[in-house]
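*Asks:* The following block contains the structure, expressed as structure tokens.
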Amino acid sequence: MAGLGHVTNETSRDETSTSWLVIGYYKITSDEAKIVLEIVFFFFFSGVISVCGTVANVINIVVFLKQGFSDAVNISLLGLAVADLGSLLTLIWMSVCFSPWFHYSDIPLDAKDIQYLTAGWPHVCFARITSWITAFITFERCLCIALPLKVKHIITPRRTFYTVFGIFLLMFACVTPVFCVISIGPKYFAERNRTVLGLVYATGGPDVENISFSITVIAQLTSFVLVILCTIILIHNLLLKSRWRQTATSDQNNKNSLSTRDKRVVVMVTSISSIFIACFLPSAVNLILMIHFSPDYSVVGREQNTFLVSWSILNTLEATSSTVNILVYYHMSSKFRLYFWQLFGRNGTDGIARDK
């Protein structure tokens, strides 16, 4: 979402000086369609899904906390739930800022300027954290298949905690410079003939912002490629294990195979990463388009309407990815179901022993 919904004084001048180029240019998305689609996706779909996802991830966090930190997988999934929660909360605020009532209200601020700094960039940060934790989880499961007898000595709960915590710190460090050079203050808007609260850039602010955005793009694409590669390896090995189980009879071969619990975790992680890939693939393609077709395909380019509508749809997909994980956990983990129902004062129908 970085780059969405803001127009700085510098870009306003650029638009004015090049406005003659747009005359006679056919826009893929009209101004009227952009307004309607922004409301439908930014405000309605993204907002509703994000509210549901927030509740789901709060439940995930509580369940994983109750399960404890003796299992490295629980720590990773807890970190993923926290990142998803942060991503969804920022999308909720973004949907509020894009609501027609807020936009056309008499509140002395520019909603799209405000959301850019208070929702857009924080969402970018948490989305990148989600990507890298997903990549780490899938990589850990690949090690589990490659080195089933050694992985627990390599990926310990302590090392997992430091890795997840380090991902949070690193992504926070990547976006922190943006908040040092962009602030919210009085800004004149010619179209409103009024001075209201908006984005104010410090000297050199756009350059710092572009550097941070480039870093986050590289981080997103790199982690996405890692998730794809690890997921392919997991699926390939699951298929091999399935064929092998149909023909294997030797105990010598069985001793190096995965435990039943580990196999369930591999299937669960594969499901999570597959959902992530399906929902984030359009976002990755969109980032590549931004790089290839910039500056036309940008928030201030000739195809800014298509750019804004694209991101409204992509944010809805990202919200979906952060929301549906609870269904995977509930369906594939009897231990998760047990603690889930205990939250509501009921005993789970499945025991913990089956997951061990």
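Lettering and numbering for the structure tokens are positional, with chains as A, B, ... in the shown order, residues counted from 1 in each chain, and ligands counted from 1 in the shown order.
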Using only C-alpha atoms, which protein or nucleic acid residues come within 10 Å of Ser271 (chain A)? Drop anything in the same chain fewer than 5 positions from it, and give the result as a list in words.
*Replies:* Thr231, Ile235, Val265, Val266, Phe276, Ile277, Asn325, Val328, Tyr329 and Met332 of chain A
*Asks:* List every residue of region 265-312 of chain A that DSSP, applied to the backbone, labels as alpha helix (DSSP H), and write the result as a ChimeraX atom specification.
*Replies:* /A:265-293,304-312
*Asks:* Would you export the selected residues with N, CA, C and O atoms as a compact mmCIF listing (two decimals), in the first residue's frame, please?
*Replies:*
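The resulting part07.txt:
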```
# COMPACT_ATOMS: atom_id res chain seq x y z
N VAL A 265 1.75 -31.33 10.77
CA VAL A 265 2.25 -29.96 10.77
C VAL A 265 2.70 -29.56 9.37
O VAL A 265 2.46 -28.44 8.92
N VAL A 266 3.35 -30.49 8.66
CA VAL A 266 3.79 -30.21 7.29
C VAL A 266 2.59 -29.89 6.40
O VAL A 266 2.60 -28.94 5.61
N VAL A 267 1.53 -30.68 6.53
CA VAL A 267 0.33 -30.45 5.73
C VAL A 267 -0.30 -29.10 6.10
O VAL A 267 -0.73 -28.34 5.22
N MET A 268 -0.34 -28.78 7.39
CA MET A 268 -0.91 -27.52 7.83
C MET A 268 -0.10 -26.34 7.30
O MET A 268 -0.66 -25.35 6.79
N VAL A 269 1.22 -26.42 7.41
CA VAL A 269 2.08 -25.34 6.91
C VAL A 269 1.95 -25.19 5.39
O VAL A 269 1.93 -24.07 4.87
N THR A 270 1.87 -26.32 4.70
CA THR A 270 1.68 -26.27 3.25
C THR A 270 0.38 -25.57 2.89
O THR A 270 0.33 -24.77 1.94
N SER A 271 -0.66 -25.83 3.65
CA SER A 271 -1.95 -25.17 3.41
C SER A 271 -1.85 -23.67 3.65
O SER A 271 -2.34 -22.86 2.85
N ILE A 272 -1.19 -23.28 4.75
CA ILE A 272 -1.03 -21.86 5.07
C ILE A 272 -0.23 -21.14 3.99
O ILE A 272 -0.61 -20.05 3.53
N SER A 273 0.88 -21.75 3.58
CA SER A 273 1.72 -21.11 2.57
C SER A 273 1.02 -21.06 1.20
O SER A 273 1.20 -20.09 0.45
N SER A 274 0.22 -22.07 0.89
CA SER A 274 -0.51 -22.06 -0.38
C SER A 274 -1.54 -20.94 -0.41
O SER A 274 -1.70 -20.25 -1.44
N ILE A 275 -2.24 -20.73 0.70
CA ILE A 275 -3.18 -19.62 0.80
C ILE A 275 -2.44 -18.29 0.66
O ILE A 275 -2.89 -17.38 -0.04
N PHE A 276 -1.28 -18.20 1.32
CA PHE A 276 -0.47 -16.98 1.23
C PHE A 276 -0.07 -16.70 -0.21
O PHE A 276 -0.19 -15.56 -0.69
N ILE A 277 0.39 -17.72 -0.92
CA ILE A 277 0.81 -17.54 -2.31
C ILE A 277 -0.36 -17.09 -3.18
O ILE A 277 -0.24 -16.16 -3.98
N ALA A 278 -1.50 -17.74 -3.01
CA ALA A 278 -2.67 -17.40 -3.82
C ALA A 278 -3.11 -15.96 -3.61
O ALA A 278 -3.49 -15.26 -4.56
N CYS A 279 -3.05 -15.49 -2.36
CA CYS A 279 -3.53 -14.14 -2.04
C CYS A 279 -2.49 -13.06 -2.30
O CYS A 279 -2.85 -11.91 -2.59
N PHE A 280 -1.21 -13.40 -2.22
CA PHE A 280 -0.16 -12.40 -2.39
C PHE A 280 0.45 -12.39 -3.79
O PHE A 280 1.19 -11.47 -4.11
N LEU A 281 0.14 -13.39 -4.60
CA LEU A 281 0.68 -13.40 -5.97
C LEU A 281 0.25 -12.16 -6.77
O LEU A 281 1.11 -11.53 -7.41
N PRO A 282 -1.02 -11.77 -6.76
CA PRO A 282 -1.39 -10.54 -7.47
C PRO A 282 -0.65 -9.31 -6.95
O PRO A 282 -0.29 -8.42 -7.73
N SER A 283 -0.39 -9.26 -5.64
CA SER A 283 0.35 -8.13 -5.08
C SER A 283 1.78 -8.10 -5.59
O SER A 283 2.32 -7.03 -5.92
N ALA A 284 2.41 -9.28 -5.67
CA ALA A 284 3.77 -9.35 -6.18
C ALA A 284 3.83 -8.92 -7.65
O ALA A 284 4.73 -8.19 -8.06
N VAL A 285 2.84 -9.37 -8.43
CA VAL A 285 2.77 -8.96 -9.84
C VAL A 285 2.58 -7.45 -9.95
O VAL A 285 3.19 -6.78 -10.79
N ASN A 286 1.75 -6.90 -9.08
CA ASN A 286 1.49 -5.46 -9.09
C ASN A 286 2.75 -4.66 -8.77
O ASN A 286 3.00 -3.61 -9.37
N LEU A 287 3.54 -5.16 -7.84
CA LEU A 287 4.80 -4.48 -7.51
C LEU A 287 5.75 -4.47 -8.71
O LEU A 287 6.42 -3.47 -8.98
N ILE A 288 5.79 -5.59 -9.44
CA ILE A 288 6.63 -5.66 -10.64
C ILE A 288 6.13 -4.68 -11.70
O ILE A 288 6.93 -4.02 -12.38
N LEU A 289 4.81 -4.57 -11.83
CA LEU A 289 4.24 -3.61 -12.79
C LEU A 289 4.60 -2.18 -12.41
O LEU A 289 4.90 -1.35 -13.28
N MET A 290 4.59 -1.90 -11.12
CA MET A 290 4.96 -0.56 -10.65
C MET A 290 6.39 -0.23 -11.06
O MET A 290 6.69 0.89 -11.48
N ILE A 291 7.28 -1.21 -10.92
CA ILE A 291 8.68 -1.00 -11.26
C ILE A 291 8.86 -0.86 -12.76
O ILE A 291 9.60 0.01 -13.25
N HIS A 292 8.15 -1.69 -13.52
CA HIS A 292 8.33 -1.74 -14.97
C HIS A 292 7.68 -0.54 -15.68
O HIS A 292 8.26 0.02 -16.61
N PHE A 293 6.48 -0.16 -15.23
CA PHE A 293 5.74 0.89 -15.93
C PHE A 293 5.79 2.24 -15.24
O PHE A 293 5.12 3.17 -15.67
N GLN A 304 -3.27 6.41 -12.59
CA GLN A 304 -3.42 6.40 -11.14
C GLN A 304 -4.74 5.78 -10.70
O GLN A 304 -4.81 5.14 -9.65
N ASN A 305 -5.80 5.93 -11.50
CA ASN A 305 -7.08 5.32 -11.14
C ASN A 305 -6.97 3.80 -11.11
O ASN A 305 -7.44 3.14 -10.16
N THR A 306 -6.36 3.22 -12.14
CA THR A 306 -6.16 1.78 -12.18
C THR A 306 -5.26 1.33 -11.03
O THR A 306 -5.48 0.27 -10.41
N PHE A 307 -4.24 2.13 -10.75
CA PHE A 307 -3.32 1.83 -9.65
C PHE A 307 -4.07 1.76 -8.32
O PHE A 307 -3.91 0.80 -7.55
N LEU A 308 -4.91 2.76 -8.05
CA LEU A 308 -5.64 2.81 -6.78
C LEU A 308 -6.64 1.67 -6.67
O LEU A 308 -6.77 1.03 -5.62
N VAL A 309 -7.35 1.39 -7.76
CA VAL A 309 -8.32 0.30 -7.75
C VAL A 309 -7.62 -1.04 -7.55
O VAL A 309 -8.10 -1.91 -6.81
N SER A 310 -6.47 -1.21 -8.20
CA SER A 310 -5.71 -2.46 -8.06
C SER A 310 -5.35 -2.70 -6.61
O SER A 310 -5.52 -3.81 -6.07
N TRP A 311 -4.84 -1.67 -5.94
CA TRP A 311 -4.44 -1.83 -4.55
C TRP A 311 -5.63 -2.07 -3.64
O TRP A 311 -5.52 -2.76 -2.61
N SER A 312 -6.79 -1.51 -3.98
CA SER A 312 -7.98 -1.76 -3.16
C SER A 312 -8.35 -3.24 -3.21
O SER A 312 -8.73 -3.83 -2.19
```
*Asks:* For a quick check of understanding, using only C-alpha atoms, which of A:Asn74, A:Ser214, A:Asn347, A:Ser99 has the smallest distance to Leu37 (chain A)?
*Replies:*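 Going through A:Asn74, A:Ser214, A:Asn347, A:Ser99 one by one, the smallest distance to Leu37 (chain A) is for A:Ser99.
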*Asks:* Report as JSON lines: every residue of region 72-123 of chain A with an atom at most 10 Å from region 158-178 of chain A, its closest pair of atoms, and their distance in Å to one decimal, counting only C-alpha atoms, with rows sorted by chain and ascending residue number.
*Replies:*
```
{"residue": "A:Ala72", "atom": "CA", "partner": "A:Thr160", "partner_atom": "CA", "distance": 5.9}
{"residue": "A:Val73", "atom": "CA", "partner": "A:Thr160", "partner_atom": "CA", "distance": 8.2}
{"residue": "A:Asn74", "atom": "CA", "partner": "A:Thr160", "partner_atom": "CA", "distance": 9.6}
{"residue": "A:Ile75", "atom": "CA", "partner": "A:Phe161", "partner_atom": "CA", "distance": 6.4}
{"residue": "A:Ser76", "atom": "CA", "partner": "A:Val164", "partner_atom": "CA", "distance": 6.7}
{"residue": "A:Leu77", "atom": "CA", "partner": "A:Val164", "partner_atom": "CA", "distance": 9.7}
{"residue": "A:Leu78", "atom": "CA", "partner": "A:Val164", "partner_atom": "CA", "distance": 9.4}
{"residue": "A:Gly79", "atom": "CA", "partner": "A:Val164", "partner_atom": "CA", "distance": 6.4}
{"residue": "A:Leu80", "atom": "CA", "partner": "A:Val164", "partner_atom": "CA", "distance": 8.6}
{"residue": "A:Ala83", "atom": "CA", "partner": "A:Phe168", "partner_atom": "CA", "distance": 8.4}
{"residue": "A:Leu117", "atom": "CA", "partner": "A:Val178", "partner_atom": "CA", "distance": 8.6}
{"residue": "A:Trp121", "atom": "CA", "partner": "A:Val175", "partner_atom": "CA", "distance": 7.3}
{"residue": "A:Pro122", "atom": "CA", "partner": "A:Val175", "partner_atom": "CA", "distance": 8.1}
```
*Asks:* Take the residues just selected and output them with C-alpha atoms as a compact mmCIF listing (two decimals), in the first residue's frame.
*Replies:*
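Done, and the output landed in out-v9.txt:
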```
# COMPACT_ATOMS: atom_id res chain seq x y z
CA ALA A 72 9.08 -23.94 17.99
CA VAL A 73 6.13 -24.16 15.59
CA ASN A 74 3.80 -22.55 18.14
CA ILE A 75 6.20 -19.61 18.50
CA SER A 76 6.33 -19.09 14.74
CA LEU A 77 2.56 -19.30 14.39
CA LEU A 78 2.13 -16.90 17.30
CA GLY A 79 4.42 -14.40 15.58
CA LEU A 80 2.44 -14.88 12.36
CA ALA A 83 1.77 -9.79 12.32
CA LEU A 117 1.09 7.63 6.98
CA TRP A 121 2.99 2.40 5.74
CA PRO A 122 2.20 0.43 8.94
```
*Asks:* Residues at most 6 Å from region 197-212 of chain A, counting only C-alpha atoms, excluding those fewer than 5 positions away in the same chain, as a PyMOL selection string?
*Replies:* chain A and resi 109-110+113+174-175+178+181-187
*Asks:* Leaving out region 101-106 of chain A and any residue of its chain fewer than 2 positions from it, which residues lie within 12 Å of it when counting only C-alpha atoms, given as a list in words?
*Replies:*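 Neighbouring residues, sequence-local ones excluded: Gly5, Ile35, Glu38, Ile39, Phe43, Trp93, Met94, Ser95, Val96, Cys97, Phe98, Ser99, Pro108, Leu109, Asp110, Ala111, Lys112, Asp113, Ile114, Gln115, Arg192, Arg194 and Val196 of chain A.
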*Asks:* Could you take the residues named above and write them with N, CA, C and O atoms, as a short mmCIF file (atom, residue, chain, number, x, y, z; two decimals), in the first residue's frame?
*Replies:*
```cif
data_model
loop_
_atom_site.label_atom_id
_atom_site.label_comp_id
_atom_site.auth_asym_id
_atom_site.auth_seq_id
_atom_site.Cartn_x
_atom_site.Cartn_y
_atom_site.Cartn_z
N GLY A 5 -2.72 6.89 -2.19
CA GLY A 5 -3.61 7.85 -1.56
C GLY A 5 -2.99 9.14 -1.10
O GLY A 5 -3.59 9.85 -0.31
N ILE A 35 -14.01 5.77 -7.97
CA ILE A 35 -14.68 6.13 -6.72
C ILE A 35 -15.55 4.97 -6.23
O ILE A 35 -15.53 4.60 -5.05
N GLU A 38 -13.31 1.93 -5.16
CA GLU A 38 -12.63 2.22 -3.89
C GLU A 38 -13.56 1.99 -2.72
O GLU A 38 -13.17 1.41 -1.70
N ILE A 39 -14.80 2.45 -2.84
CA ILE A 39 -15.76 2.27 -1.76
C ILE A 39 -16.07 0.79 -1.56
O ILE A 39 -16.11 0.28 -0.43
N PHE A 43 -13.48 0.19 1.43
CA PHE A 43 -14.36 0.43 2.57
C PHE A 43 -15.14 -0.81 2.98
O PHE A 43 -15.13 -1.19 4.15
N TRP A 93 -8.45 0.74 9.81
CA TRP A 93 -8.32 2.19 9.83
C TRP A 93 -8.31 2.75 8.41
O TRP A 93 -8.89 3.80 8.13
N MET A 94 -7.68 2.04 7.50
CA MET A 94 -7.66 2.47 6.10
C MET A 94 -9.06 2.50 5.51
O MET A 94 -9.42 3.43 4.78
N SER A 95 -9.86 1.47 5.82
CA SER A 95 -11.22 1.43 5.30
C SER A 95 -12.06 2.57 5.85
O SER A 95 -12.92 3.12 5.15
N VAL A 96 -11.81 2.95 7.10
CA VAL A 96 -12.51 4.10 7.68
C VAL A 96 -12.14 5.37 6.93
O VAL A 96 -13.00 6.19 6.61
N CYS A 97 -10.86 5.53 6.65
CA CYS A 97 -10.40 6.73 5.94
C CYS A 97 -10.96 6.80 4.51
O CYS A 97 -11.13 7.90 3.97
N PHE A 98 -11.24 5.65 3.91
CA PHE A 98 -11.77 5.64 2.55
C PHE A 98 -13.29 5.63 2.52
O PHE A 98 -13.87 5.58 1.44
N SER A 99 -13.94 5.66 3.68
CA SER A 99 -15.40 5.69 3.69
C SER A 99 -15.88 7.03 3.13
O SER A 99 -15.27 8.08 3.38
N PRO A 108 -11.41 18.80 9.65
CA PRO A 108 -10.29 19.55 9.05
C PRO A 108 -9.04 18.71 8.82
O PRO A 108 -7.97 18.99 9.37
N LEU A 109 -9.17 17.67 8.02
CA LEU A 109 -8.02 16.86 7.64
C LEU A 109 -8.32 16.18 6.32
O LEU A 109 -9.48 16.04 5.92
N ASP A 110 -7.27 15.78 5.62
CA ASP A 110 -7.43 15.04 4.38
C ASP A 110 -7.28 13.56 4.71
O ASP A 110 -6.19 13.10 5.06
N ALA A 111 -8.39 12.82 4.58
CA ALA A 111 -8.42 11.43 5.03
C ALA A 111 -7.39 10.56 4.31
O ALA A 111 -6.73 9.71 4.92
N LYS A 112 -7.23 10.77 3.00
CA LYS A 112 -6.32 9.92 2.25
C LYS A 112 -4.86 10.25 2.58
O LYS A 112 -4.01 9.36 2.57
N ASP A 113 -4.56 11.51 2.86
CA ASP A 113 -3.23 11.86 3.32
C ASP A 113 -2.93 11.21 4.67
O ASP A 113 -1.86 10.63 4.90
N ILE A 114 -3.91 11.30 5.57
CA ILE A 114 -3.72 10.76 6.93
C ILE A 114 -3.54 9.25 6.90
O ILE A 114 -2.66 8.70 7.57
N GLN A 115 -4.36 8.54 6.09
CA GLN A 115 -4.26 7.08 6.06
C GLN A 115 -2.94 6.63 5.46
O GLN A 115 -2.45 5.55 5.79
N ARG A 192 -9.76 22.04 -2.56
CA ARG A 192 -10.70 22.36 -1.49
C ARG A 192 -10.63 23.83 -1.08
O ARG A 192 -11.44 24.29 -0.29
N ARG A 194 -8.58 25.23 0.85
CA ARG A 194 -8.60 25.22 2.31
C ARG A 194 -7.32 24.59 2.84
O ARG A 194 -6.74 23.70 2.20
N VAL A 196 -5.90 22.23 5.63
CA VAL A 196 -6.30 21.23 6.62
C VAL A 196 -5.08 20.36 6.93
O VAL A 196 -4.00 20.54 6.35
#
```
*Asks:* Residues of region 93-298 of chain A in strand (DSSP E or B) according to DSSP, as a VMD selection string?
*Replies:* chain A and resid 109 182 to 189 194 to 201
*Asks:* So, counting only C-alpha atoms, which residue among A:Phe340, A:Phe179, A:Trp132, A:Phe189 is closest to Thr118 (chain A)?
*Replies:*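 Checking each of A:Phe340, A:Phe179, A:Trp132, A:Phe189 against Thr118 (chain A), counting only C-alpha atoms, the winner is A:Phe179.
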*Asks:* Please indicate the distance in Å from CA of Cys144 (chain A) to CA of Ser131 (chain A), rounded to one decimal place.
*Replies:*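 Taking CA of Cys144 (chain A) as the start and CA of Ser131 (chain A) as the end point, the length is 20.1 Å.
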